[in-house]
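This report concerns only the one structure given below.
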Amino acid sequence: MRRSLASATTFAALLAVSACTRKDTPADSPSGPGVVSTSAAADKATPPVRADAAADKAAPRFVGRWIPDGDGMRCSWSGSYVVARFKGTGLSARIKDEGFNLFQIVVDGEPKKVLRTDKAKGAHVYLLADGLPDAVHDVSIHRRTEAKVGEAVVYGFEAAGGQLLPPPPAPERRIETIGDSITTGFGNEGPSATCGYVNSEQNEYATYGAIAARNLGADHTTIAWSGKTLHEMKEYFDKTLPQRADGPRWDFARYQPDVVVVNVGTNNFANVDPGEARFVKLYHELVRVVRGAYPKAFIVCALGSMLSNVYPEGRNNLTQARKYMKVAVAKLKEAGDSNLDFLEFPEQNHADGLGCGFHPSLKTHKLMGERLTAFIKERTGW
């Protein structure tokens, strides 16, 4: 096996160039069908080698809020991903998990196995793909689990029977989705509405935001945390590692999306009707923070898909939320921000299945992704 581990210095340099160019722990341990934890090597950590000019060019591409950490790159937000290209028959990665994370492995554009990393093993080499034809392949690692599950560090890659190559070029289009449990994919692979949070049943790769981004040929980032309200997401929005109260602030110059989807506000209706005045005030505060970070982005002010007029009985949450959001968007436009618009996802249909905690199922996420794709195309001309 030819060893091709790039250093953190290489990662950081590549990230900077790319940007210019275009602890809560879950109650359960990872489990579930289709989850694998096969290692590519013994438990001992493989030290990274010094990156030469060839390794610099072959450094993988990191998408999301990654920051250098020693010889690796650290992430926390769900949906953070890494893209690598290599020639050979297989690929491994050295990863340190500080929680109970799972990663979707995608090979040549096709989702393959789910990688379950092991907190107890520390930095460890995991097999991502093997038995491939001896040719050029693209492999990406997508974090399925949300920030509360714990941070993770990716140190480098090893190509079996070949070498790492420069990663595929970054797409010109970029999307960011800001949200709560709907956007994180809470329970979207769960068996029914009555199950609680299980990390192996959460899959950001299969959420509406990730689906729309792939449909549109765009990179995407997800800034979302289950249970959060408008005010809370405003406070979390600029965090690189959101479970750290004193963690580093994100440098927005690293990633300027063309489209930002704000799907926050459902949890403001969790216990009581917040009232129009308060809801509009909180919504404006969040959107103005987003606009300050992304002055040129088209902002999708999204609603849905969990609110309903049926439950809780007599509250008419969906009607009220729709009314408040339309007022909020209209006032933002009146104040001079015309580069945004309102999108309502249809209320989820129980016949399409329900994820854990009555969250959107995989089918509902697919439908939402198609709706968002069409909306962005209509508004941006993509």
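Residue numbers start at 1 in each chain; chains themselves are named A, B, ... in the order of the structure tokens; ligands are numbered from 1 in the order shown.
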
Under the rule of at most 8 Å, produce a per-residue listing of segment 270-291 of chain A near segment 222-241 of chain A: chain, number, name, the closest pair of atoms, and the distance in Å, as a tab-separated table, using only C-alpha atoms.
residue	atom	partner	partner_atom	distance
A:Leu282	CA	A:Leu230	CA	6.1
A:Tyr283	CA	A:Leu230	CA	6.3
A:Glu285	CA	A:Lys234	CA	7.4
A:Leu286	CA	A:Lys234	CA	5.0
A:Val289	CA	A:Lys234	CA	7.1
A:Val290	CA	A:Phe237	CA	7.9

- [ ] Skip segment 207-213 of chain A itself and residues of its chain fewer than 3 positions away, then list as JSON, numbers by chain all residues within 9 Å of it, counting only C-alpha atoms.
- [x] {"A": [79, 173, 174, 175, 176, 177, 182, 183, 184, 185, 188, 203, 204, 216, 217, 218, 219, 220, 221, 222, 261, 362, 364, 365, 366, 367, 368, 369, 370, 371, 372, 373, 374, 376]}

With 7 Å as the cut-off and only C-alpha atoms counted, what is the closest atom pair between each nearby residue of segment 133-188 of chain A and segment 86-91 of chain A? Distances in Å to one decimal, ordered by chain and number, as CSV.
residue,atom,partner,partner_atom,distance
A:Pro133,CA,A:Thr89,CA,5.6
A:Asp134,CA,A:Gly88,CA,4.7
A:Ala135,CA,A:Lys87,CA,5.2
A:Val136,CA,A:Lys87,CA,4.2
A:His137,CA,A:Phe86,CA,5.5
A:Asp138,CA,A:Phe86,CA,6.6
A:Phe157,CA,A:Leu91,CA,6.8
A:Glu158,CA,A:Leu91,CA,5.6
A:Ala159,CA,A:Leu91,CA,4.6
A:Ala160,CA,A:Gly90,CA,4.9
A:Gly161,CA,A:Gly88,CA,5.0
A:Gly162,CA,A:Gly88,CA,4.3
A:Gln163,CA,A:Lys87,CA,5.5
A:Leu164,CA,A:Phe86,CA,4.2
A:Leu165,CA,A:Phe86,CA,4.9

Just-selected residues, N, CA and C atoms written as a PDB file, in the first residue's frame:
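part29.pdb written:
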ATOM      1  N   PRO A 133     -12.118  -1.389  -9.102  1.00  0.00           N
ATOM      2  CA  PRO A 133     -11.242  -1.523 -10.267  1.00  0.00           C
ATOM      3  C   PRO A 133     -10.040  -0.591 -10.125  1.00  0.00           C
ATOM      4  N   ASP A 134      -8.897  -0.997 -10.615  1.00  0.00           N
ATOM      5  CA  ASP A 134      -7.691  -0.180 -10.504  1.00  0.00           C
ATOM      6  C   ASP A 134      -7.798   0.976 -11.492  1.00  0.00           C
ATOM      7  N   ALA A 135      -8.422   2.043 -11.023  1.00  0.00           N
ATOM      8  CA  ALA A 135      -8.700   3.193 -11.879  1.00  0.00           C
ATOM      9  C   ALA A 135      -8.806   4.433 -11.004  1.00  0.00           C
ATOM     10  N   VAL A 136      -9.210   5.533 -11.593  1.00  0.00           N
ATOM     11  CA  VAL A 136      -9.399   6.766 -10.841  1.00  0.00           C
ATOM     12  C   VAL A 136     -10.797   6.768 -10.221  1.00  0.00           C
ATOM     13  N   HIS A 137     -10.845   7.088  -8.919  1.00  0.00           N
ATOM     14  CA  HIS A 137     -12.118   7.097  -8.189  1.00  0.00           C
ATOM     15  C   HIS A 137     -12.230   8.351  -7.323  1.00  0.00           C
ATOM     16  N   ASP A 138     -13.462   8.767  -7.116  1.00  0.00           N
ATOM     17  CA  ASP A 138     -13.762   9.846  -6.178  1.00  0.00           C
ATOM     18  C   ASP A 138     -14.465   9.258  -4.960  1.00  0.00           C
ATOM     19  N   PHE A 157      -5.570  10.493   4.203  1.00  0.00           N
ATOM     20  CA  PHE A 157      -6.053   9.364   3.426  1.00  0.00           C
ATOM     21  C   PHE A 157      -4.901   8.490   2.968  1.00  0.00           C
ATOM     22  N   GLU A 158      -5.202   7.219   2.729  1.00  0.00           N
ATOM     23  CA  GLU A 158      -4.249   6.262   2.180  1.00  0.00           C
ATOM     24  C   GLU A 158      -4.889   5.569   0.983  1.00  0.00           C
ATOM     25  N   ALA A 159      -4.209   5.612  -0.157  1.00  0.00           N
ATOM     26  CA  ALA A 159      -4.713   4.939  -1.348  1.00  0.00           C
ATOM     27  C   ALA A 159      -4.071   3.562  -1.457  1.00  0.00           C
ATOM     28  N   ALA A 160      -4.882   2.545  -1.662  1.00  0.00           N
ATOM     29  CA  ALA A 160      -4.378   1.169  -1.797  1.00  0.00           C
ATOM     30  C   ALA A 160      -3.994   0.911  -3.252  1.00  0.00           C
ATOM     31  N   GLY A 161      -2.742   0.494  -3.437  1.00  0.00           N
ATOM     32  CA  GLY A 161      -2.291   0.124  -4.766  1.00  0.00           C
ATOM     33  C   GLY A 161      -2.208   1.286  -5.733  1.00  0.00           C
ATOM     34  N   GLY A 162      -2.032   2.501  -5.220  1.00  0.00           N
ATOM     35  CA  GLY A 162      -1.973   3.649  -6.117  1.00  0.00           C
ATOM     36  C   GLY A 162      -1.580   4.908  -5.376  1.00  0.00           C
ATOM     37  N   GLN A 163      -2.223   6.020  -5.712  1.00  0.00           N
ATOM     38  CA  GLN A 163      -1.845   7.282  -5.109  1.00  0.00           C
ATOM     39  C   GLN A 163      -3.019   8.251  -5.080  1.00  0.00           C
ATOM     40  N   LEU A 164      -2.932   9.217  -4.177  1.00  0.00           N
ATOM     41  CA  LEU A 164      -3.910  10.294  -4.133  1.00  0.00           C
ATOM     42  C   LEU A 164      -3.678  11.236  -5.304  1.00  0.00           C
ATOM     43  N   LEU A 165      -4.778  11.796  -5.816  1.00  0.00           N
ATOM     44  CA  LEU A 165      -4.734  12.740  -6.922  1.00  0.00           C
ATOM     45  C   LEU A 165      -5.387  14.047  -6.470  1.00  0.00           C
TER      46      LEU A 165
END

Task: Exercise: Val154 of chain A partners within 9 Å, only C-alpha atoms, chain neighbours under 5 positions left out, as a list in words - done: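 Those residues are Asp71, Gly72, Met73, Arg74, Cys75, Val82, Ala93, Arg94, Ile95, Lys96, Asp97 and Ala123 of chain A.
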
Near-segment 191-193 of chain A list (9 Å; only C-alpha atoms; drop same-chain fewer than 3 positions) as a PDB file with N, CA and C atoms, in the first residue's frame:
ATOM      1  N   GLY A 187     -33.934  11.543  12.993  1.00  0.00           N
ATOM      2  CA  GLY A 187     -34.820  10.391  12.877  1.00  0.00           C
ATOM      3  C   GLY A 187     -35.336  10.073  11.496  1.00  0.00           C
ATOM      4  N   ASN A 188     -34.692  10.615  10.449  1.00  0.00           N
ATOM      5  CA  ASN A 188     -35.253  10.376   9.107  1.00  0.00           C
ATOM      6  C   ASN A 188     -35.108   8.933   8.647  1.00  0.00           C
ATOM      7  N   GLY A 196     -37.309   7.656  19.800  1.00  0.00           N
ATOM      8  CA  GLY A 196     -36.594   8.857  20.185  1.00  0.00           C
ATOM      9  C   GLY A 196     -35.330   9.026  19.366  1.00  0.00           C
ATOM     10  N   GLU A 201     -29.836   6.645  13.223  1.00  0.00           N
ATOM     11  CA  GLU A 201     -31.033   6.865  12.409  1.00  0.00           C
ATOM     12  C   GLU A 201     -31.148   8.310  11.949  1.00  0.00           C
ATOM     13  N   GLY A 353     -44.862   8.209   5.524  1.00  0.00           N
ATOM     14  CA  GLY A 353     -44.029   7.734   6.612  1.00  0.00           C
ATOM     15  C   GLY A 353     -43.611   8.871   7.520  1.00  0.00           C
ATOM     16  N   LEU A 354     -43.232   8.510   8.732  1.00  0.00           N
ATOM     17  CA  LEU A 354     -42.774   9.488   9.704  1.00  0.00           C
ATOM     18  C   LEU A 354     -41.477   8.996  10.330  1.00  0.00           C
ATOM     19  N   GLY A 355     -40.549   9.915  10.506  1.00  0.00           N
ATOM     20  CA  GLY A 355     -39.325   9.589  11.209  1.00  0.00           C
ATOM     21  C   GLY A 355     -39.543   9.670  12.701  1.00  0.00           C
ATOM     22  N   CYS A 356     -38.498   9.413  13.460  1.00  0.00           N
ATOM     23  CA  CYS A 356     -38.604   9.455  14.921  1.00  0.00           C
ATOM     24  C   CYS A 356     -39.103  10.814  15.391  1.00  0.00           C
ATOM     25  N   GLY A 357     -39.926  10.790  16.424  1.00  0.00           N
ATOM     26  CA  GLY A 357     -40.442  12.032  16.987  1.00  0.00           C
ATOM     27  C   GLY A 357     -41.305  12.807  16.019  1.00  0.00           C
ATOM     28  N   PHE A 358     -41.972  12.119  15.093  1.00  0.00           N
ATOM     29  CA  PHE A 358     -42.853  12.741  14.103  1.00  0.00           C
ATOM     30  C   PHE A 358     -42.081  13.665  13.149  1.00  0.00           C
ATOM     31  N   HIS A 359     -40.813  13.392  12.950  1.00  0.00           N
ATOM     32  CA  HIS A 359     -40.011  14.185  12.036  1.00  0.00           C
ATOM     33  C   HIS A 359     -40.176  13.674  10.598  1.00  0.00           C
ATOM     34  N   SER A 361     -39.807  11.898   7.156  1.00  0.00           N
ATOM     35  CA  SER A 361     -39.225  10.629   6.728  1.00  0.00           C
ATOM     36  C   SER A 361     -38.289  10.872   5.545  1.00  0.00           C
TER      37      SER A 361
END

Just list as an mmCIF file with C-alpha atoms, in the first residue's frame whatever in segment 148-253 of chain A DSSP marks as strand (DSSP E).
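Contents of selection-v6.cif, as written:
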data_model
loop_
_atom_site.group_PDB
_atom_site.id
_atom_site.type_symbol
_atom_site.label_atom_id
_atom_site.label_comp_id
_atom_site.auth_asym_id
_atom_site.auth_seq_id
_atom_site.Cartn_x
_atom_site.Cartn_y
_atom_site.Cartn_z
ATOM 1 C CA ALA A 152 -14.360 14.621 14.893
ATOM 2 C CA VAL A 153 -10.939 15.075 13.284
ATOM 3 C CA VAL A 154 -9.883 13.809 9.848
ATOM 4 C CA TYR A 155 -6.104 13.410 9.515
ATOM 5 C CA GLY A 156 -5.499 12.054 6.048
ATOM 6 C CA PHE A 157 -6.053 9.364 3.426
ATOM 7 C CA GLU A 158 -4.249 6.262 2.180
ATOM 8 C CA ALA A 159 -4.713 4.939 -1.348
ATOM 9 C CA ALA A 160 -4.378 1.169 -1.797
ATOM 10 C CA GLN A 163 -1.845 7.282 -5.109
ATOM 11 C CA LEU A 164 -3.910 10.294 -4.133
ATOM 12 C CA LEU A 165 -4.734 12.740 -6.922
ATOM 13 C CA ARG A 173 -22.559 27.097 -6.809
ATOM 14 C CA ARG A 174 -22.837 27.097 -3.026
ATOM 15 C CA ILE A 175 -25.780 26.631 -0.669
ATOM 16 C CA GLU A 176 -26.088 26.879 3.106
ATOM 17 C CA THR A 177 -29.039 25.620 5.113
ATOM 18 C CA ILE A 178 -29.734 26.969 8.603
ATOM 19 C CA GLY A 179 -32.211 25.047 10.694
ATOM 20 C CA ALA A 218 -23.716 22.829 -5.585
ATOM 21 C CA ASP A 219 -21.531 22.504 -2.532
ATOM 22 C CA HIS A 220 -23.554 22.783 0.650
ATOM 23 C CA THR A 221 -23.099 23.456 4.328
ATOM 24 C CA THR A 222 -25.559 22.783 7.139
ATOM 25 C CA ILE A 223 -25.757 24.912 10.268
ATOM 26 C CA ALA A 224 -28.466 23.227 12.313
#

Task: Pick from A:Ala129, A:Ala58, A:Leu340, A:Ala120, whichever lies nearest to Ala297 of chain A using only C-alpha atoms - done: A:Leu340

Task: Coordinates-based distance that separates atom CA of Val327 of chain A from atom CA of Asp180 of chain A (Å, one decimal) - done: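 These atoms are spaced 21.5 Å apart.
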
Task: Nearest candidate to Glu378 of chain A (options A:Glu313, A:Leu332, A:Lys113, A:Phe298; using only C-alpha atoms) - done: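 Of all the options, A:Phe298 lies closest to Glu378 of chain A.
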
- [ ] Have a look at A:Thr194, A:Val300, A:Glu172, A:Ala321 and name the one nearest to Trp382 of chain A; count only C-alpha atoms.
- [x]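 Nearest to Trp382 of chain A: A:Glu172.
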
Open item on the list: With distances taken over only C-alpha atoms, which residue among A:Ile141, A:Val310, A:Val125, A:Ala351 lies nearest Lys112 of chain A?
Closed with: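 Of A:Ile141, A:Val310, A:Val125, A:Ala351, the one nearest Lys112 of chain A is A:Ile141, counting only C-alpha atoms.
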
Open item on the list: So the first atom is atom CA of Asn349 of chain A and the second is atom CA of Tyr197 of chain A; what is the distance between them in Å, to one decimal place?
Closed with: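 For atom CA of Asn349 of chain A relative to atom CA of Tyr197 of chain A, the distance reads 20.9 Å.
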